[in-house]
Amino acid sequence: MTPEEYERWMIRDCARCGRRASKSVEWSDGPICRTCYDRAMRIRGRCPRCDTDRLLPGRHTVGTPICRDCAGIVRDFFCDRCGFEGLLLGGRLCERCTLTDTLARLLDDGTGRITSKFLPLVKILLEMDRPKSRLIWLRNPNVVRLLRGLATGSIPLTHDGLNQETPWRTVTHLRDLLMDSGVLPRVDRQLLLYQRWLTERLATIEEPEHHQLLRHFAVWHQMRRLRAKAEKAPLGRSQTNHTKQEVTQAGAFLAWLADRRCAIGQCQQADIDA
């Protein structure tokens with residue numbers, strides 16, 4: 001349709017918020033915009049007119065939420081699979097059933113079903129509030145790639161395997177879910193973030209000797225110290241930030257020595273003082 005036709009047929013003043021927008025539905029109280037429609041699909045409780053505990057998308061004349069039947073709304077909102085009354089998505093399925101199908105598709109191990117090791121992850125995702133937010137998260141191409149890779153085995157289901165993946169924020173959130181569900185063993189979050197930072201930092205060092213020295217310093221000195229602290233209590237961001245600063249300054253010191261044509265093994269106290 002032309003813009004003029006769209007404006008004439010679809011744009012209305014919402015009966016609930018008063019905003020001029022594209023109407024989503026036309027109910028007994030008037031045209032309803034998408035925002036107010038989604039909000040109405042979240043209201044549950046006991047209808048003040050029929051005393052039934054259910055979805056309350058309608059509005060009484062005084063503005064009180066009431067059920068579909070009492071509001072005279074013809075369309076029903078019952079999921080065709082589980083019978084839950086709420087927001088319906090494609091195929092007249094509720095958000096939770098849609099989420100179940102999406103997870104089954106993404107975590108298919110190639111046999112048409114979800115491998116048993118990922119069932120705890122599926123369970124924790126389905127038990128979370130607001131499944132629509134999970135559906136939006138699962139539309140992220142990076143999330144799709146990571147879940148499919150883990151399900152098929154192209155990405156190892158280990159902390160080391162996830163350390164090789166990007167972007168780090170998406171990987172961190174997925175790792176937290178895997179640890180919360182028991183699919184992966186729990187490891188200190190700040191320690192994992194430091195390991196990822198260290199990998200990226202070392203990748204920027206072109207001098208092989210400097211790379212090796214900094215790696216040994218980080219692995220055999222810093223990581224041992226951080227792991228010992230993490231066993232006693234969760235690490236704080238300030239602790240790992242201090243450790244990162246040590247690596248950065250150590251790298252700067254090695255570069256400074258190289259400019260003076262001095263190897264680390266030949267470094268004297270005078271060089272350190274300078």
# chains A, B, ... in the order shown; residues from 1 in each chain; ligands from 1
call {"tool": "residues_around", "arguments": {"residues": "A:Phe253", "least_positions_apart": "5", "cutoff": "12 Å", "atoms": "only C-alpha atoms", "output": "number ranges by chain"}}
result
A: 210, 213-214, 246-248, 258-260, 262-264, 267, 271-274
call {"tool": "residues_around", "arguments": {"residues": "A:Leu235", "least_positions_apart": "6", "cutoff": "9 Å", "atoms": "only C-alpha atoms", "output": "VMD selection string"}}
result
chain A and resid 188 to 191 226 229
call {"tool": "write_last_selection", "arguments": {"atoms": "N, CA, C and O atoms", "output": "PDB file, in the first residue's frame"}}
result
ATOM      1  N   ASP A 188      36.067 -19.054  38.329  1.00  0.00           N
ATOM      2  CA  ASP A 188      35.918 -17.645  38.668  1.00  0.00           C
ATOM      3  C   ASP A 188      35.789 -16.806  37.397  1.00  0.00           C
ATOM      4  O   ASP A 188      36.619 -16.893  36.479  1.00  0.00           O
ATOM      5  N   ARG A 189      34.772 -15.959  37.358  1.00  0.00           N
ATOM      6  CA  ARG A 189      34.470 -15.169  36.150  1.00  0.00           C
ATOM      7  C   ARG A 189      35.582 -14.177  35.827  1.00  0.00           C
ATOM      8  O   ARG A 189      35.983 -14.032  34.660  1.00  0.00           O
ATOM      9  N   GLN A 190      36.096 -13.487  36.841  1.00  0.00           N
ATOM     10  CA  GLN A 190      37.166 -12.526  36.609  1.00  0.00           C
ATOM     11  C   GLN A 190      38.442 -13.201  36.117  1.00  0.00           C
ATOM     12  O   GLN A 190      39.177 -12.647  35.290  1.00  0.00           O
ATOM     13  N   LEU A 191      38.679 -14.417  36.584  1.00  0.00           N
ATOM     14  CA  LEU A 191      39.852 -15.161  36.132  1.00  0.00           C
ATOM     15  C   LEU A 191      39.728 -15.509  34.655  1.00  0.00           C
ATOM     16  O   LEU A 191      40.694 -15.404  33.891  1.00  0.00           O
ATOM     17  N   LEU A 226      46.553 -15.701  41.117  1.00  0.00           N
ATOM     18  CA  LEU A 226      45.118 -15.444  40.982  1.00  0.00           C
ATOM     19  C   LEU A 226      44.288 -16.679  41.317  1.00  0.00           C
ATOM     20  O   LEU A 226      43.242 -16.574  41.965  1.00  0.00           O
ATOM     21  N   LYS A 229      44.035 -17.126  45.040  1.00  0.00           N
ATOM     22  CA  LYS A 229      43.089 -16.184  45.639  1.00  0.00           C
ATOM     23  C   LYS A 229      41.655 -16.569  45.327  1.00  0.00           C
ATOM     24  O   LYS A 229      40.764 -16.441  46.171  1.00  0.00           O
TER      25      LYS A 229
END
call {"tool": "residues_around", "arguments": {"residues": "A:Glu209", "least_positions_apart": "2", "cutoff": "12 Å", "atoms": "only C-alpha atoms", "output": "list in words"}}
result
Leu202, Ile205, Glu206, Glu207, His211, Gln212, Leu213, Leu214, Arg215, His216, Gly251, Leu254, Ala255, Ala258, Ala263, Ile264 and Gly265 of chain A
call {"tool": "write_last_selection", "arguments": {"atoms": "N, CA and C atoms", "output": "compact mmCIF listing (two decimals), in the first residue's frame"}}
result
# COMPACT_ATOMS: atom_id res chain seq x y z
N LEU A 202 48.86 -10.90 24.37
CA LEU A 202 50.06 -11.59 23.88
C LEU A 202 50.08 -11.66 22.36
N ILE A 205 52.07 -8.95 20.55
CA ILE A 205 53.52 -8.85 20.73
C ILE A 205 54.22 -9.64 19.62
N GLU A 206 54.95 -8.94 18.77
CA GLU A 206 55.58 -9.56 17.61
C GLU A 206 56.94 -10.17 17.93
N GLU A 207 57.67 -9.60 18.88
CA GLU A 207 58.99 -10.11 19.23
C GLU A 207 58.86 -11.46 19.94
N HIS A 211 57.41 -12.21 23.73
CA HIS A 211 56.16 -12.98 23.84
C HIS A 211 56.33 -14.13 24.83
N GLN A 212 57.44 -14.85 24.69
CA GLN A 212 57.68 -16.01 25.56
C GLN A 212 57.89 -15.59 27.01
N LEU A 213 58.66 -14.53 27.22
CA LEU A 213 58.92 -14.06 28.58
C LEU A 213 57.64 -13.62 29.28
N LEU A 214 56.82 -12.83 28.57
CA LEU A 214 55.58 -12.34 29.17
C LEU A 214 54.61 -13.49 29.42
N ARG A 215 54.59 -14.45 28.52
CA ARG A 215 53.69 -15.60 28.70
C ARG A 215 54.10 -16.40 29.94
N HIS A 216 55.40 -16.64 30.08
CA HIS A 216 55.87 -17.37 31.27
C HIS A 216 55.56 -16.59 32.55
N GLY A 251 55.74 -5.53 29.60
CA GLY A 251 55.95 -5.43 28.15
C GLY A 251 56.65 -4.13 27.78
N LEU A 254 60.38 -4.44 28.67
CA LEU A 254 61.13 -5.22 27.69
C LEU A 254 61.38 -4.41 26.43
N ALA A 255 60.38 -3.66 25.99
CA ALA A 255 60.56 -2.82 24.80
C ALA A 255 61.60 -1.73 25.06
N ALA A 258 64.99 -3.26 24.84
CA ALA A 258 65.34 -3.55 23.44
C ALA A 258 65.81 -2.29 22.73
N ALA A 263 69.59 -7.11 26.46
CA ALA A 263 68.73 -8.27 26.68
C ALA A 263 68.37 -8.36 28.16
N ILE A 264 67.26 -9.04 28.47
CA ILE A 264 66.82 -9.11 29.85
C ILE A 264 67.85 -9.80 30.74
N GLY A 265 68.59 -10.77 30.16
CA GLY A 265 69.60 -11.47 30.95
C GLY A 265 70.82 -10.62 31.25
call {"tool": "residues_around", "arguments": {"residues": "stretch 63-70 of chain A", "least_positions_apart": "6", "cutoff": "12 Å", "atoms": "only C-alpha atoms", "output": "MDAnalysis selection string"}}
result
chainID A and resid 15:17 27:29 39:57 76:78 85:86
call {"tool": "select_by_dssp", "arguments": {"residues": "stretch 84-248 of chain A", "states": "alpha helix (DSSP H)", "output": "PyMOL selection string"}}
result
chain A and resi 95-106+119-127+131-137+141-152+159-163+168-180+189-203+208-216+223-232+237-248
call {"tool": "closest_residue", "arguments": {"among": "A:Gly18, A:Pro156, A:Gly58, A:Pro167", "to": "A:Val143", "atoms": "only C-alpha atoms"}}
result
A:Pro167
call {"tool": "closest_residue", "arguments": {"among": "A:Thr100, A:Asn241, A:Ser22, A:Gln222", "to": "A:Arg113", "atoms": "only C-alpha atoms"}}
result
A:Thr100
call {"tool": "residues_around", "arguments": {"residues": "A:Gly153", "least_positions_apart": "2", "cutoff": "12 Å", "atoms": "only C-alpha atoms", "output": "list in words"}}
result
Leu107, Asp108, Asp109, Gly110, Thr115, Lys117, Arg145, Leu146, Leu147, Arg148, Gly149, Leu150, Ala151, Ile155, Pro156, Leu157, Thr158, Gly161 and Leu162 of chain A
